[in-house]
Structures are given as structure tokens and as C-alpha cells.
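Novice: One structure coming up, written as C-alpha cells, with questions to follow.
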Amino acid sequence: MKKSCKILALPGDGIGPEIMESALEVLKAVEKKYNVNFEIKEGLIGGAAIDETGNPLPEETLKLAKESDAVLLAAVGGEKWDNLPTDKRPEKGLLRIRKELDLFANLRPGKAYDALLDASPLKESLIKGVDLLVIRELTGGIYFGEPRGIEERNGEKVGFNTMVYSEHEVERIARLAFNVARNRRKKVTSVDKANVLEVSGLWREVVNKVWADYQDVELEHMYVDNAAMQLVRRPKDFDVIVTGNLFGDIISDEAGALTGSLGMLPSASLGEKYALYEPVHGSAPDIAGKGIANPVAMVLSAAMMLEHSCKLPEAARDIEKAVEKALNDGYRTGDIWQPGTKKVNTKEMTQAIIERL
Ligand code: IPM
Ligand code: MN
């Protein structure tokens with residue numbers, strides 16, 4: 001019998017539908033080459049879901065997600081919904097699906113492609129060879145902590161959020177980080193703000209405890225402000241970076257920009273039972289509908305899905321190699337274009353990748 005993998009595709013908003021189309025075409029090519037079968041269903045999330053149902057994460061979408069082997073998500077959000085209260089915004093759909101599926105670990109690789117060294121804001125000597133992985137805790141921290149809100153105190157409005165981590169939340173993400181590091185260069189940098197925040201003090205304590213089981217892996221602790229600086233000064237020194245939700249959000253954008261463009265960066269969000277794959281970048285409303293978005297982050301997210309959820313690691317490697325070949329052959333979308341390379345649109349970039357598969 002043909003191997004099969006059940007996938008829920010969530011195109012979402014902005015450039016989402018355009019880049020999702022690219023990923024689905026690449027998956028079609030993989031189906032033929034590997035004689036596998038992808039059962040793909042489509043669902044609503046974000047602004048698109050708000051427009052149809054009034055809810056950024058309809059029950060139907062959540063149900064379909066739970067029936068799938070993996071969720072492939074493009075992007076959510078856009079100006080049209082920017083004036084809604086935080087609780088009703090497209091982003092809430094994304095935050096809720098992460099939480100409902102208990103996707104506590106977000107893996108965001110930052111890899112410097114030789115063909116794109118010129119696109120990095122850093123000098124070539126600093127960026128060449130960078131290969132790091134941000135592991136961001138995704139279902140806790142200040143994103144979800146209670147109490148939260150805006151209320152009236154002493155005649156003025158006060159806004160507040162709470163950064164909370166419990167031992168088990170830190171333990172499971174730390175364990176995952178050490179396990180992943182074992183298959184890489186065996187170094188973990190844990191990023192926190194332990195000189196100021198109690199929650200970071202506990203984070204450090206738990207990470208140290210877990211480390212006892214991983215003495216073959218090197219561990220260093222770094223304050224988040226210092227980490228932000230070291231990332232631009234000596235990015236090659238990082239292997240696995242493990243950190244909380246908010247710090248990880250910030251650091252992963254920084255790590256992304258270092259390697260050229262956010263348009264290149266995929267991510268995997270993993271839990272015990274479910275998994276979701278999405279680009280690190282957002283819905284890019286400014287270029288939505290123009291057909292010029294970079295599909296690479298989306299296509300590489302599909303590759304991560306094939307590896308982690310569909311158990312097709314060779315197909316994942318093939319896609320990564322095809323992307324690299326397309327770059328080496330000079331194909332560039334606008335965000336990574338440099339004089340002397342071929343400027344292509346979303347569809348052409350997708351074709352260039354598929355031809356090299
Ligand atoms: C990301 C995004 C989201 C986040 C937003 C859209 C809610 O910035 O995936 O990094 O902050 O997690
Ligand atoms: Mn972000």
C-alpha cells in the first residue's frame with residue numbers, strides 16, 4: 001500500500017494563499033517522485049476565518065487539525081482586521097491553535113546559504129557558515145500568562161501582562177533542546193533575563209537540572225540583551241538557542257534577518273501529539289495578491305513537515321537541496337534579489353524548485 005500522510009492546509013491571509021499554492025505544488029511533485037499520497041484538506045484561519053465565520057479559529061478547523069498528521073499554515077493578519085480588539089484578531093487564531101494543539105516547541109532554523117551571503121546585512125566573514133536553531137517555547141510565558149488586561153487604576157488606564165513559567169513547561173522544552181542539540185553540534189545556549197526576572201531565575205534552575213542528563217552537551221546561559229548583541233557579533237558561535245515565548249519571538253526574527261531574508265525561514269511547532277509547520281514571516285499585506293512573495297520559507301516548512309510528521313526525511317532533504325540549487329542557479333524573488341541574479345515571481349521560483357527536485 002502507498003504510504004500516506006494527512007495534511008490540513010491553512011492558507012490564511014495576505015500572501016498566505018499564494019505561498020500555500022507553491023507548497024502544495026511541491027508536495028504534488030514529491031507524491032510522484034516518492035510514490036506517496038498526501039491527503040490534503042483545507043481550512044479557515046485568521047482574517048479569512050473571521051470574514052466567513054466571525055471566529056479566527058473556527059471549531060471545524062480545530063477538528064480537522066486534530067484529525068490530521070500535520071497542519072501546514074501560511075500566514076495570518078492584515079490591516080483590514082487591525083482595529084479589532086486583541087481577542088478577536090486574526091493573530092488570536094494562530095495563538096489558539098498553538099495552545100489547543102499543545103505545540104510547546106517552536107523550531108526556527110537560521111542557516112546562511114552561500115548563494116545569499118550578499119543578502120545578509122552582516123559581512124560575509126561573519127555570516128558564512130552560520131547554522132543555528134532557535135527553539136522557542138510557544139504555549140506559555142507572557143503570551144498566555146494571567147492576569148492580563150487593561151484596567152482603570154487611580155484615575156488612569158493601566159495595561160498589564162504576566163510572564164509565567166512552571167517547572168514542567170521549562171523542563172520539557174529544555175529536554176527537547178538538549179535532545180536536538182545531540183544531533184547537531186552539541187551546544188545549547190539558554191536565553192533569559194535572570195538578572196531581573198524571577199521567572200528567568202526558575203527557568204535557569206530547571207535548565208541546569210535537566211542538563212544533568214545531558215553532560216555530553218555544552219550548556220551556556222545568556223541574558224537576552226547580550227544574546228541579541230552576540231547574535232550580530234558572532235552568530236557562528238551559536239548552535240541551539242532555547243528560550244521563552246517572547247524572547248524567542250524577538251531573537252528568531254533577528255536570527256532570520258541575519259541570514260538574508262525572513263522570506264527564507266521555515267518553522268516547526270511540535271507537541272506530544274500534534275504538529276504545525278509555518279514560515280517565520282507574516283502575511284506581508286503590502287505585497288499580497290501581487291504574486292511576488294518568496295515561497296521558500298513556506299516550501300521549507302513543508303519539508304520540515306515531511307521530515308517530522310510524514311516520516312519522509314529523504315524527501316525533506318531533496319526539497320532543501322532543490323531550494324539550494326535554485327538559489328545557486330541565480331533564481332531570486334524580490335526580497336533577496338541582487339544585481340546579477342534572475343528576478344522571478346512566486347510561481348517562477350516554485351517552478352525552479354520543482355524542476356530541481
Ligand atoms: C510569530 C508571529 C506571531 C507571534 C504573531 C503573529 C502572533 O510574530 O509567529 O513569530 O508573535 O508568535
Ligand atoms: Mn514573530
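Naming scheme: A, B, ... for chains in displayed order of the C-alpha cells; residues 1 onward per chain; ligands 1 onward as shown.
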Given a cut-off of 12 Å, what residues near ligand 2 show up using only C-alpha atoms and all ligand atoms, put as a PyMOL selection string?
Specialist: chain A and resi 75-76+91+94-95+106+108+136+138+143+245-257+262+265+267+278-283
Novice: If you run DSSP over the backbone, which residues in range 91-162 of chain A end up alpha helix (DSSP H)? Put them as a list in words.
Specialist: Glu91, Lys92, Gly93, Leu94, Leu95, Arg96, Ile97, Arg98, Lys99, Glu100, Glu124, Ser125, Leu126 and Ile127 of chain A
Novice: Out of A:Pro285, A:Gly201, A:Gly271, A:Pro56, which residue has the shortest atom-to-atom distance to Arg98 in chain A when counting only C-alpha atoms?
Specialist: A:Gly271
Novice: Please provide the set of residues having any atom within 9 Å of Asp329 in chain A, restricted to only C-alpha atoms, with same-chain residues fewer than 3 positions apart removed, written as number ranges by chain.
Specialist: A: 115, 324-326, 341-342
Novice: Tell me which of A:Ala315, A:Glu348, A:Ile15, A:Arg356 sits closest to Asn328 in chain A, counting only C-alpha atoms.
Specialist: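 Among A:Ala315, A:Glu348, A:Ile15, A:Arg356, it is A:Arg356 that comes nearest to Asn328 in chain A.
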Novice: Quick one: pick out all strand (DSSP E or B) residues within range 123-342 of chain A from a backbone DSSP run and write them as a PyMOL selection string.
Specialist: chain A and resi 131-137+149-153+156-160+187-192+218-223+240-243+266-270+275-279+331-332+342
Novice: So the first atom is CA of Ser190 in chain A and the second is CA of Asp102 in chain A; what is the distance between them in Å, to one decimal place?
Specialist: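 Those two atoms sit 21.6 Å apart.
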Novice: What lies within 8 Å of range 292-306 of chain A using only C-alpha atoms, ignoring chain neighbours under 3 positions off, as a ChimeraX atom specification?
Specialist: /A:15,18-20,22-23,26-27,70,72,74,262-268,276-281,287-288,309-313,315-317,319-320,323,333-335,344-346,349-350
Novice: I'd like the contact shell of range 50-53 of chain A - 10 Å cut-off, only C-alpha atoms, skipping same-chain residues fewer than 4 positions apart - returned as a ChimeraX atom specification.
Specialist: /A:44-46,57-58,81,88-90,93
Novice: Just to confirm, what's the straight-line distance from CA of Glu198 in chain A to CA of Asp239 in chain A in Å (one decimal)?
Specialist: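 Answer for the CA of Glu198 in chain A to CA of Asp239 in chain A separation: 26.2 Å.
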Novice: Skipping near chain neighbours, those fewer than 5 positions away, what residues fall within 12 Å of range 167-173 of chain A using only C-alpha atoms, listed as an MDAnalysis selection string?
Specialist: chainID A and resid 102:107 134:141 178:180 188 190 192 199:213 240:245 269:272
Novice: Please list as an MDAnalysis selection string every residue within 12 Å of Lys63 in chain A, counting only C-alpha atoms and excluding residues in the same chain fewer than 4 positions away.
Specialist: chainID A and resid 8 41:44 57:59 67:68 71 97 100:101
Novice: Of the candidates A:Asp237, A:Asp82, A:Glu31, A:Glu21, which shows the shortest atom-to-atom distance to ligand 1, using only C-alpha atoms and all ligand atoms?
Specialist: A:Asp82
Novice: Interatomic distance between CA of Leu73 in chain A and CA of Asp118 in chain A?
Specialist: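 CA of Leu73 in chain A sits 29.3 Å away from CA of Asp118 in chain A.
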Novice: From the list A:Ile142, A:Ala228, A:Val217, A:Leu176, which residue is nearest ligand 1 when using only C-alpha atoms and all ligand atoms?
Specialist: A:Ile142
